[in-house]
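Colleague: Okay, so here is final_19.cif, and as you'll see once you scroll down, it has mmCIF, C-alpha atoms.
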data_query
#
loop_
_atom_site.label_atom_id
_atom_site.label_comp_id
_atom_site.auth_asym_id
_atom_site.auth_seq_id
_atom_site.Cartn_x
_atom_site.Cartn_y
_atom_site.Cartn_z
CA MET A 47 -68.18 -62.17 -22.50
CA SER A 48 -70.20 -58.97 -22.10
CA ARG A 49 -68.89 -55.59 -23.17
CA ASP A 50 -69.01 -54.49 -19.52
CA ALA A 51 -66.77 -57.40 -18.58
CA VAL A 52 -64.29 -56.45 -21.27
CA LYS A 53 -64.13 -52.88 -20.06
CA PHE A 54 -63.81 -53.79 -16.42
CA GLY A 55 -61.74 -56.91 -16.88
CA ARG A 56 -58.33 -55.35 -16.36
CA MET A 57 -59.35 -53.15 -13.44
CA SER A 58 -58.90 -53.97 -9.79
CA LYS A 59 -61.91 -53.95 -7.48
CA LYS A 60 -60.84 -50.55 -6.14
CA GLN A 61 -60.53 -49.15 -9.67
CA ARG A 62 -63.97 -50.51 -10.63
CA GLU A 63 -65.54 -48.94 -7.57
CA LYS A 64 -63.88 -45.63 -8.38
CA VAL A 65 -65.19 -45.67 -11.95
CA GLU A 66 -68.67 -46.66 -10.79
CA ASP A 67 -68.71 -43.81 -8.28
CA GLU A 68 -67.71 -41.33 -10.94
CA VAL A 69 -70.37 -42.70 -13.28
CA ARG A 70 -72.97 -42.03 -10.59
CA PHE A 71 -71.45 -38.60 -9.99
CA HIS A 72 -71.63 -37.74 -13.68
CA ARG A 73 -75.17 -38.95 -14.11
CA ALA A 74 -76.32 -37.08 -11.02
CA GLN A 75 -74.64 -33.95 -12.33
CA MET A 76 -76.32 -34.29 -15.70
CA ARG A 77 -79.68 -34.84 -14.01
CA ALA A 78 -79.15 -31.76 -11.85
CA GLN A 79 -78.39 -29.69 -14.95
CA ASN A 80 -81.19 -30.99 -17.18
CA ASP A 81 -83.23 -27.81 -16.74
CA ALA A 82 -80.25 -25.55 -17.43
CA ALA A 83 -78.61 -24.50 -20.65
CA PRO A 84 -76.29 -27.13 -22.17
CA ASP A 85 -72.86 -27.12 -20.58
CA SER A 86 -69.70 -29.17 -20.95
CA SER A 87 -69.24 -32.07 -18.55
CA VAL A 88 -66.71 -31.96 -15.77
CA PHE A 89 -65.35 -35.10 -17.35
CA ASP A 90 -64.82 -33.57 -20.79
CA ILE A 91 -61.24 -32.78 -21.74
CA GLN A 92 -60.81 -29.04 -21.54
CA THR A 93 -58.88 -27.06 -24.12
CA PRO A 94 -57.62 -23.50 -23.68
CA SER A 95 -59.76 -20.79 -25.20
CA SER A 96 -59.85 -17.03 -25.26
CA SER A 97 -62.14 -17.09 -22.24
CA ASP A 98 -59.31 -18.67 -20.26
CA GLN A 99 -57.64 -15.28 -20.13
CA LEU A 100 -60.53 -13.63 -18.29
CA HIS A 101 -59.88 -12.81 -14.65
CA HIS A 102 -62.84 -11.78 -12.54
CA SER A 103 -62.43 -9.34 -9.70
CA TYR A 104 -64.78 -9.29 -6.72
CA ASN A 105 -64.54 -7.64 -3.35
CA GLY A 106 -66.27 -10.46 -1.52
CA TYR A 107 -68.19 -13.67 -1.95
CA SER A 108 -71.83 -14.67 -1.87
CA TYR A 109 -73.52 -17.96 -2.49
CA SER A 110 -76.96 -19.43 -3.07
CA ASN A 111 -78.31 -22.92 -3.62
CA ASN A 112 -77.54 -22.94 -7.32
CA GLU A 113 -74.59 -20.67 -7.86
CA VAL A 114 -71.61 -19.34 -5.98
CA SER A 115 -69.80 -16.08 -6.46
CA TYR A 116 -66.53 -15.60 -4.72
CA GLY A 117 -63.63 -13.27 -4.58
CA SER A 118 -60.44 -12.45 -2.81
CA PRO A 119 -57.89 -9.70 -3.24
CA TYR A 120 -55.31 -12.10 -1.80
CA GLY A 121 -54.71 -14.20 -4.90
CA TYR A 122 -51.19 -14.55 -6.22
CA SER A 123 -49.59 -15.65 -9.43
CA ALA A 124 -47.04 -18.32 -10.12
CA SER A 125 -44.79 -19.02 -13.03
CA VAL A 126 -45.77 -22.34 -14.60
CA THR A 127 -43.88 -24.22 -17.28
CA PRO A 128 -46.36 -26.63 -18.90
CA GLN A 129 -45.29 -30.21 -19.42
CA GLN A 130 -45.51 -31.65 -22.91
CA THR A 131 -48.05 -34.36 -22.13
CA MET A 132 -51.39 -34.34 -20.38
CA ALA A 133 -50.90 -35.44 -16.78
CA TYR A 134 -52.29 -34.88 -13.33
CA ASP A 135 -49.06 -34.22 -11.51
CA ILE A 136 -46.39 -31.60 -11.26
CA SER A 137 -43.82 -33.84 -12.86
CA ALA A 138 -43.62 -37.55 -13.50
CA ASP A 139 -40.26 -37.44 -11.74
CA TYR A 140 -41.98 -36.75 -8.43
CA VAL A 141 -45.34 -38.54 -8.58
CA ASP A 142 -45.97 -42.08 -9.73
CA SER A 143 -47.99 -41.62 -12.89
CA THR A 144 -48.85 -45.32 -13.09
CA THR A 145 -51.76 -44.67 -10.73
CA TYR A 146 -53.45 -42.50 -13.33
CA GLU A 147 -56.50 -44.16 -14.83
CA PRO A 148 -57.78 -42.82 -18.17
CA ARG A 149 -61.38 -41.72 -17.90
CA SER A 150 -62.51 -41.87 -21.49
CA THR A 151 -64.55 -45.02 -20.88
CA ILE A 152 -66.75 -43.58 -18.16
CA MET A 153 -68.55 -41.40 -20.67
CA ASP A 154 -69.92 -44.45 -22.51
CA SER A 155 -73.72 -44.39 -22.49
CA GLU A 156 -74.01 -47.95 -21.22
CA PHE A 157 -71.89 -47.02 -18.18
CA ILE A 158 -73.93 -43.92 -17.49
CA SER A 159 -77.12 -45.98 -17.62
CA HIS A 160 -75.91 -47.92 -14.59
CA GLY A 161 -75.35 -44.84 -12.43
CA ASP A 162 -77.72 -43.31 -9.91
CA GLY A 163 -77.66 -41.28 -6.75
CA ASP A 164 -77.71 -37.65 -5.76
CA ILE A 165 -74.78 -35.56 -6.94
CA ASN A 166 -73.98 -34.24 -3.46
CA ASP A 167 -74.09 -37.67 -1.87
CA VAL A 168 -71.77 -39.15 -4.50
CA LEU A 169 -69.33 -36.24 -4.23
CA ILE A 170 -69.33 -36.46 -0.43
CA LYS A 171 -68.68 -40.20 -0.55
CA THR A 172 -65.92 -39.88 -3.14
CA LEU A 173 -64.04 -37.11 -1.33
CA ALA A 174 -64.43 -38.76 2.07
CA GLU A 175 -62.81 -41.91 0.71
CA ALA A 176 -60.06 -39.90 -1.00
CA HIS A 177 -59.32 -38.13 2.29
CA ALA A 178 -59.29 -41.37 4.27
CA ASN A 179 -56.91 -43.00 1.79
CA THR A 180 -54.41 -40.13 1.82
CA ASN A 181 -54.20 -39.33 5.54
CA THR A 182 -52.99 -40.98 8.71
CA LYS A 183 -55.98 -42.61 10.40
CA LEU A 184 -57.50 -40.40 13.05
CA GLU A 185 -57.32 -43.20 15.63
CA ILE A 186 -53.53 -43.28 15.25
CA VAL A 187 -53.35 -39.49 15.55
CA HIS A 188 -55.36 -39.48 18.77
CA GLU A 189 -53.26 -42.33 20.14
CA MET A 190 -50.19 -40.13 19.65
CA PHE A 191 -51.96 -37.29 21.49
CA ARG A 192 -52.30 -39.51 24.55
CA LYS A 193 -48.64 -40.52 24.72
CA PRO A 194 -46.35 -38.74 27.20
CA GLN A 195 -44.23 -35.97 25.75
CA ASP A 196 -40.86 -37.10 24.48
CA ILE A 197 -38.76 -34.38 26.08
CA SER A 198 -35.52 -35.51 24.42
CA ARG A 199 -37.08 -35.29 20.96
CA ILE A 200 -38.58 -31.91 21.71
CA LEU A 201 -35.20 -30.59 22.87
CA TYR A 202 -33.60 -32.03 19.75
CA TYR A 203 -35.85 -30.00 17.48
CA LYS A 204 -35.60 -26.88 19.62
CA ASN A 205 -31.80 -27.05 19.29
CA LEU A 206 -31.75 -27.54 15.53
CA GLY A 207 -30.09 -24.78 13.55
CA GLN A 208 -32.08 -22.70 11.10
CA GLN A 209 -30.82 -24.59 8.04
CA GLU A 210 -31.43 -28.03 9.55
CA LEU A 211 -34.93 -27.06 10.68
CA TRP A 212 -35.86 -25.70 7.23
CA LEU A 213 -34.71 -28.90 5.58
CA ASP A 214 -36.52 -31.10 8.07
CA CYS A 215 -39.76 -29.14 7.69
CA ALA A 216 -39.43 -29.20 3.91
CA GLU A 217 -39.05 -32.98 4.01
CA LYS A 218 -42.14 -33.45 6.18
CA LEU A 219 -44.14 -30.99 4.07
CA THR A 220 -43.11 -32.79 0.88
CA GLN A 221 -44.40 -36.08 2.26
CA MET A 222 -47.72 -34.46 3.07
CA ILE A 223 -47.97 -32.81 -0.35
CA GLN A 224 -47.42 -36.12 -2.10
CA ASN A 225 -50.62 -37.28 -0.40
CA ILE A 226 -52.33 -34.00 -1.28
CA ILE A 227 -51.55 -34.59 -4.96
CA GLU A 228 -53.03 -38.08 -4.69
CA PHE A 229 -56.13 -36.54 -3.08
CA ALA A 230 -56.43 -33.96 -5.87
CA LYS A 231 -56.39 -36.72 -8.48
CA LEU A 232 -59.49 -38.21 -6.88
CA ILE A 233 -61.57 -35.00 -6.95
CA PRO A 234 -64.19 -35.59 -9.68
CA GLY A 235 -63.44 -33.34 -12.64
CA PHE A 236 -59.94 -32.31 -11.54
CA MET A 237 -58.24 -34.59 -14.05
CA ARG A 238 -60.29 -33.07 -16.86
CA LEU A 239 -59.02 -29.57 -16.25
CA SER A 240 -56.29 -28.39 -18.59
CA GLN A 241 -52.84 -29.46 -17.49
CA ASP A 242 -51.84 -25.86 -16.89
CA ASP A 243 -54.75 -25.45 -14.49
CA GLN A 244 -53.97 -28.68 -12.66
CA ILE A 245 -50.36 -27.66 -12.15
CA LEU A 246 -51.17 -24.11 -11.11
CA LEU A 247 -53.84 -25.17 -8.62
CA LEU A 248 -51.39 -27.60 -7.05
CA LYS A 249 -48.52 -25.12 -7.02
CA THR A 250 -50.62 -22.41 -5.36
CA GLY A 251 -52.94 -24.60 -3.31
CA SER A 252 -50.85 -27.43 -1.90
CA PHE A 253 -49.40 -25.36 0.97
CA GLU A 254 -52.90 -24.22 1.86
CA LEU A 255 -54.20 -27.79 1.98
CA ALA A 256 -51.25 -28.71 4.16
CA ILE A 257 -52.52 -26.19 6.74
CA VAL A 258 -55.99 -27.71 6.56
CA ARG A 259 -54.51 -31.18 7.09
CA MET A 260 -52.35 -29.90 9.91
CA SER A 261 -55.52 -28.93 11.81
CA ARG A 262 -56.39 -32.60 12.40
CA LEU A 263 -52.86 -33.21 13.74
CA LEU A 264 -53.15 -30.49 16.41
CA ASP A 265 -53.72 -31.35 20.03
CA LEU A 266 -55.34 -28.15 21.26
CA SER A 267 -54.93 -29.10 24.91
CA GLN A 268 -51.13 -28.92 24.68
CA ASN A 269 -50.79 -26.63 21.64
CA ALA A 270 -48.68 -29.26 19.91
CA VAL A 271 -48.75 -30.85 16.47
CA LEU A 272 -48.06 -34.41 15.40
CA TYR A 273 -44.85 -33.94 13.41
CA GLY A 274 -43.92 -37.25 11.88
CA ASP A 275 -43.90 -39.53 14.93
CA VAL A 276 -43.46 -36.93 17.67
CA MET A 277 -45.65 -34.26 19.25
CA LEU A 278 -43.95 -30.87 19.01
CA PRO A 279 -45.06 -27.57 20.59
CA GLN A 280 -45.27 -24.44 18.50
CA GLU A 281 -42.06 -22.99 19.89
CA ALA A 282 -40.07 -25.98 18.63
CA PHE A 283 -40.35 -24.46 15.15
CA TYR A 284 -39.10 -21.01 16.10
CA THR A 285 -35.82 -19.68 14.76
CA SER A 286 -33.94 -16.46 15.41
CA ASP A 287 -35.56 -14.90 12.33
CA SER A 288 -38.55 -12.75 13.28
CA GLU A 289 -40.30 -13.23 9.92
CA GLU A 290 -40.04 -17.00 10.25
CA MET A 291 -41.47 -16.79 13.77
CA ARG A 292 -44.45 -14.81 12.45
CA LEU A 293 -44.94 -17.42 9.72
CA VAL A 294 -44.99 -20.26 12.26
CA SER A 295 -47.39 -18.34 14.49
CA ARG A 296 -49.81 -17.65 11.61
CA ILE A 297 -49.72 -21.30 10.50
CA PHE A 298 -50.55 -22.53 14.01
CA GLN A 299 -53.17 -19.83 14.53
CA THR A 300 -55.00 -20.69 11.30
CA ALA A 301 -54.77 -24.45 11.81
CA LYS A 302 -56.10 -24.02 15.36
CA SER A 303 -59.03 -21.94 14.11
CA ILE A 304 -60.01 -24.89 11.90
CA ALA A 305 -59.46 -27.44 14.65
CA ASP A 306 -61.69 -25.38 16.98
CA LEU A 307 -64.62 -25.99 14.63
CA LYS A 308 -64.39 -29.74 15.30
CA LEU A 309 -65.05 -30.73 11.70
CA THR A 310 -65.64 -34.35 10.83
CA GLU A 311 -63.24 -36.13 8.51
CA THR A 312 -65.81 -35.87 5.72
CA GLU A 313 -66.15 -32.12 6.25
CA LEU A 314 -62.37 -31.72 6.15
CA ALA A 315 -62.32 -33.62 2.87
CA LEU A 316 -64.91 -31.31 1.35
CA TYR A 317 -63.11 -28.24 2.68
CA GLN A 318 -59.87 -29.35 1.05
CA SER A 319 -61.63 -29.63 -2.29
CA LEU A 320 -63.14 -26.18 -1.79
CA VAL A 321 -59.77 -24.61 -0.96
CA LEU A 322 -57.90 -26.30 -3.81
CA LEU A 323 -60.54 -25.32 -6.39
CA TRP A 324 -60.84 -21.71 -5.21
CA PRO A 325 -60.95 -20.01 -8.61
CA GLU A 326 -59.60 -16.58 -7.68
CA ARG A 327 -55.99 -17.52 -8.31
CA ASN A 328 -54.10 -15.27 -10.68
CA GLY A 329 -53.02 -17.07 -13.81
CA VAL A 330 -55.59 -19.86 -13.67
CA ARG A 331 -56.94 -20.81 -17.07
CA GLY A 332 -60.45 -22.13 -17.59
CA ASN A 333 -61.97 -20.17 -14.74
CA THR A 334 -65.52 -21.13 -15.77
CA GLU A 335 -64.80 -24.82 -15.42
CA ILE A 336 -62.97 -24.42 -12.12
CA GLN A 337 -65.82 -22.29 -10.79
CA ARG A 338 -68.29 -25.04 -11.66
CA LEU A 339 -66.23 -27.65 -9.80
CA PHE A 340 -65.94 -25.23 -6.91
CA ASN A 341 -69.70 -24.71 -6.89
CA LEU A 342 -70.26 -28.47 -6.68
CA SER A 343 -67.94 -28.68 -3.67
CA MET A 344 -69.67 -25.66 -2.13
CA ASN A 345 -73.11 -27.24 -2.42
CA ALA A 346 -71.84 -30.51 -0.97
CA ILE A 347 -70.06 -28.95 2.02
CA ARG A 348 -73.05 -26.72 2.75
CA GLN A 349 -75.30 -29.78 2.88
CA GLU A 350 -72.90 -31.63 5.16
CA LEU A 351 -72.29 -28.70 7.52
CA GLU A 352 -75.95 -27.78 7.84
CA ALA A 353 -76.71 -31.37 8.82
CA ASN A 354 -74.03 -31.45 11.52
CA HIS A 355 -73.53 -27.92 12.89
CA ALA A 356 -75.72 -25.19 14.32
CA PRO A 357 -74.79 -21.53 13.70
CA LEU A 358 -71.79 -20.46 15.76
CA LYS A 359 -73.03 -17.05 16.83
CA GLY A 360 -76.15 -15.33 15.61
CA ASP A 361 -76.42 -16.09 11.92
CA VAL A 362 -72.67 -16.77 11.45
CA THR A 363 -72.27 -20.35 10.27
CA VAL A 364 -69.35 -22.77 10.24
CA LEU A 365 -69.25 -22.35 6.47
CA ASP A 366 -68.90 -18.57 6.85
CA THR A 367 -65.94 -19.11 9.14
CA LEU A 368 -64.30 -21.59 6.77
CA LEU A 369 -64.70 -19.26 3.80
CA ASN A 370 -63.32 -16.33 5.78
CA ASN A 371 -60.22 -18.41 6.47
CA ILE A 372 -59.31 -18.68 2.80
CA PRO A 373 -57.75 -15.18 2.60
CA ASN A 374 -55.58 -16.27 5.55
CA PHE A 375 -54.30 -19.14 3.45
CA ARG A 376 -53.35 -16.67 0.71
CA ASP A 377 -51.48 -14.50 3.19
CA ILE A 378 -49.64 -17.40 4.77
CA SER A 379 -48.66 -18.84 1.40
CA ILE A 380 -47.13 -15.51 0.45
CA MET A 381 -45.34 -15.31 3.81
CA HIS A 382 -43.93 -18.79 3.19
CA MET A 383 -42.66 -17.83 -0.25
CA GLU A 384 -41.10 -14.63 1.09
CA ALA A 385 -39.43 -16.46 3.98
CA LEU A 386 -38.17 -19.13 1.58
CA SER A 387 -36.78 -16.50 -0.76
CA LYS A 388 -34.93 -14.80 2.10
CA PHE A 389 -33.62 -18.14 3.39
CA LYS A 390 -32.33 -19.13 -0.06
CA GLN A 391 -30.51 -15.82 -0.39
CA HIS A 392 -28.61 -16.55 2.82
CA HIS A 393 -28.21 -20.29 2.12
CA PRO A 394 -27.84 -20.57 -1.67
CA ASN A 395 -26.31 -24.05 -1.55
CA VAL A 396 -29.10 -25.74 0.40
CA VAL A 397 -30.72 -28.54 -1.62
CA PHE A 398 -34.42 -29.01 -0.92
CA PRO A 399 -36.46 -32.12 -1.81
CA ALA A 400 -37.22 -32.16 -5.53
CA LEU A 401 -41.00 -31.81 -5.20
CA TYR A 402 -40.68 -28.99 -2.68
CA LYS A 403 -38.28 -27.19 -5.00
CA GLU A 404 -40.63 -27.64 -7.94
CA LEU A 405 -43.73 -26.46 -6.12
CA PHE A 406 -42.18 -23.48 -4.39
CA SER A 407 -39.68 -22.31 -6.96
CA ILE A 408 -39.31 -18.56 -7.20
CA ASP A 409 -38.45 -17.75 -10.77
CA SER A 410 -39.49 -14.11 -10.91
CA PRO A 411 -40.68 -11.28 -8.64
CA GLN A 412 -44.24 -11.94 -9.87
CA ASP A 413 -44.27 -15.22 -8.00
CA LEU A 414 -44.59 -13.27 -4.77
CA THR A 415 -47.52 -11.10 -5.85
#
As a first step, turn the structure in this file into structure tokens.

Modeller:
Amino acid sequence: MSRDAVKFGRMSKKQREKVEDEVRFHRAQMRAQNDAAPDSSVFDIQTPSSSDQLHHSYNGYSYSNNEVSYGSPYGYSASVTPQQTMAYDISADYVDSTTYEPRSTIMDSEFISHGDGDINDVLIKTLAEAHANTNTKLEIVHEMFRKPQDISRILYYKNLGQQELWLDCAEKLTQMIQNIIEFAKLIPGFMRLSQDDQILLLKTGSFELAIVRMSRLLDLSQNAVLYGDVMLPQEAFYTSDSEEMRLVSRIFQTAKSIADLKLTETELALYQSLVLLWPERNGVRGNTEIQRLFNLSMNAIRQELEANHAPLKGDVTVLDTLLNNIPNFRDISIMHMEALSKFKQHHPNVVFPALYKELFSIDSPQDLT
């Protein structure tokens, strides 16, 4: 029996394909960097260093073919309690850790020798598959768009009290975030970030990715969103609280701005990676490594968008519009945390889903800054 057979023998076909894709990704990355100064691989295990404490401050972003600079004054910090073991998830209590596949073997030279392909193409393929495997199929979504409105269900949600609506939304959001975590695990290099960085990116980025995913669930013709198994208009989520109404309006407005761009599923996958890996998040360790992963996603999404979209107006591109949306995500995330804090003050005995509580816990005033 060959050594390859031994290494692949206990893997399913899907697992083998995933490893092979990442081998090609790694080799393509190494080939793309062969003229540059030596750098650590995205698949190397990262350890905290003094450089992790550096926080860059920029007033804007710029990008070129080889490097991306970025910045946002809208970042916010979060209090993170590291787990004791290296893991991809927030807590093993909430995400099935049995799906984690150790990646130490994919660095073997004999594996790398089998890989080929352009780094952008492999990244695009990997993220497109990750998106497809963690989302409701678009055909099903569009089928729901075509169904007649269920007036009784709409009235049911419109008549829910504030507490019941919060809990129902938290439950639906938690289900979506479980899929977002699964998506994050499949982003090449994400699992090799320090655990602190993985947790912090998920804690601060999962709500933002939920807005991106919501954009594909919006039927713009009726200003309604697929909410579980029913189409609900924006006003179905309104409560008597003016701040909560502003939050709902901003969420719909931002999701609609993405839906208006008519992105493909592949482009949405790349955009999610870009948003999650946005390095200007206060408290993120290993900024250099996260920036490099971000740059890879930036190059891939630029290639995909340029192939599919003409400039929107003048020299303003779809990518410009998507990047300009990221500060909106920061603002909306803060609005959500502030609304949640206010709601919890008035309803201290409400019990949210465990993952929702873990992701959006407010342990100190700094969590809102």

Colleague: From the options A:Leu278, A:Ile233, A:Leu264, A:Ala176, which residue's atoms come nearest to A:Arg199, counting all atoms listed in the file?

Modeller: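 Using all atoms listed in the file, A:Arg199 sits closest to A:Leu278.
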
Colleague: With all atoms listed in the file as the basis for distance, which of A:Gly235, A:Asp287, A:Ile200, A:Gln318 is at the shortest distance from A:Ala256?

Modeller: A:Gln318

Colleague: With the file shown as input, list the residues that the PyMOL selection byres ((chain A and resi 257) around 12) selects, as a PyMOL selection string.

Modeller: chain A and resi 219+222-223+226+251-256+258-264+271+293-294+296-305+314+317-318+321-322+371-372+374-376+378-379+382

Colleague: Can you measure atom CA of A:Asp164 to atom CA of A:Asn333 for me? One decimal in Å is fine.

Modeller: 25.2 Å

Colleague: Could you check the closest approach to A:Thr220 for each of A:Asp167, A:Gly274, A:Met291, A:Asp242 and tell me which residue wins, using all atoms listed in the file?

Modeller: A:Gly274

Colleague: For a test of reading the model, state the distance in Å between atom CA of A:Asp196 and atom CA of A:Gln224, rounded to one decimal.

Modeller: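 Going from atom CA of A:Asp196 over to atom CA of A:Gln224 covers 27.4 Å.
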
Colleague: Using the chain letters and residue numbers of this document, give as an NGL selection string the residues selected by the PyMOL selection byres ((chain A and resi 195) around 10).

Modeller: :A and (190-194 or 196-200 or 268 or 270 or 276-279)

Colleague: In Å to one decimal, how far is atom CA of A:His177 from atom CA of A:Glu352?

Modeller: 20.4 Å

Colleague: Between A:Cys215, A:Ala353, A:Leu173, A:Leu201, which residue has the minimum interatomic distance to A:Glu228, considering all atoms listed in the file?

Modeller: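 Answer, going by the shortest atom-to-atom distance: A:Leu173.
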
Colleague: Would you mind listing what lies within 12 Å of A:Asn354 as a PyMOL selection string, with all atoms listed in the file counted and same-chain residues fewer than 5 positions away left out?

Modeller: chain A and resi 307-310+312-313+347-349+363-365

Colleague: Given the choices A:Glu350, A:Glu384, A:Glu335, A:Asp377, which gets closest to A:Lys171 if the distance is worked out from all atoms listed in the file?

Modeller: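 Among A:Glu350, A:Glu384, A:Glu335, A:Asp377, it is A:Glu350 that comes nearest to A:Lys171.
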
Colleague: Just want the 10 Å neighbourhood of A:Val396, counted on all atoms listed in the file, with same-chain residues fewer than 6 positions away dropped. Output as a list in words.

Modeller: Gln209, Glu210, Trp212, Leu213, Phe389 and Lys390 of chain A

Colleague: Which of these, A:Ala385, A:Leu320, A:Leu405, A:Leu266, has the shortest distance to A:Asp306 once you count only C-alpha atoms?

Modeller: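 For A:Asp306, the nearest of the given residues is A:Leu266.
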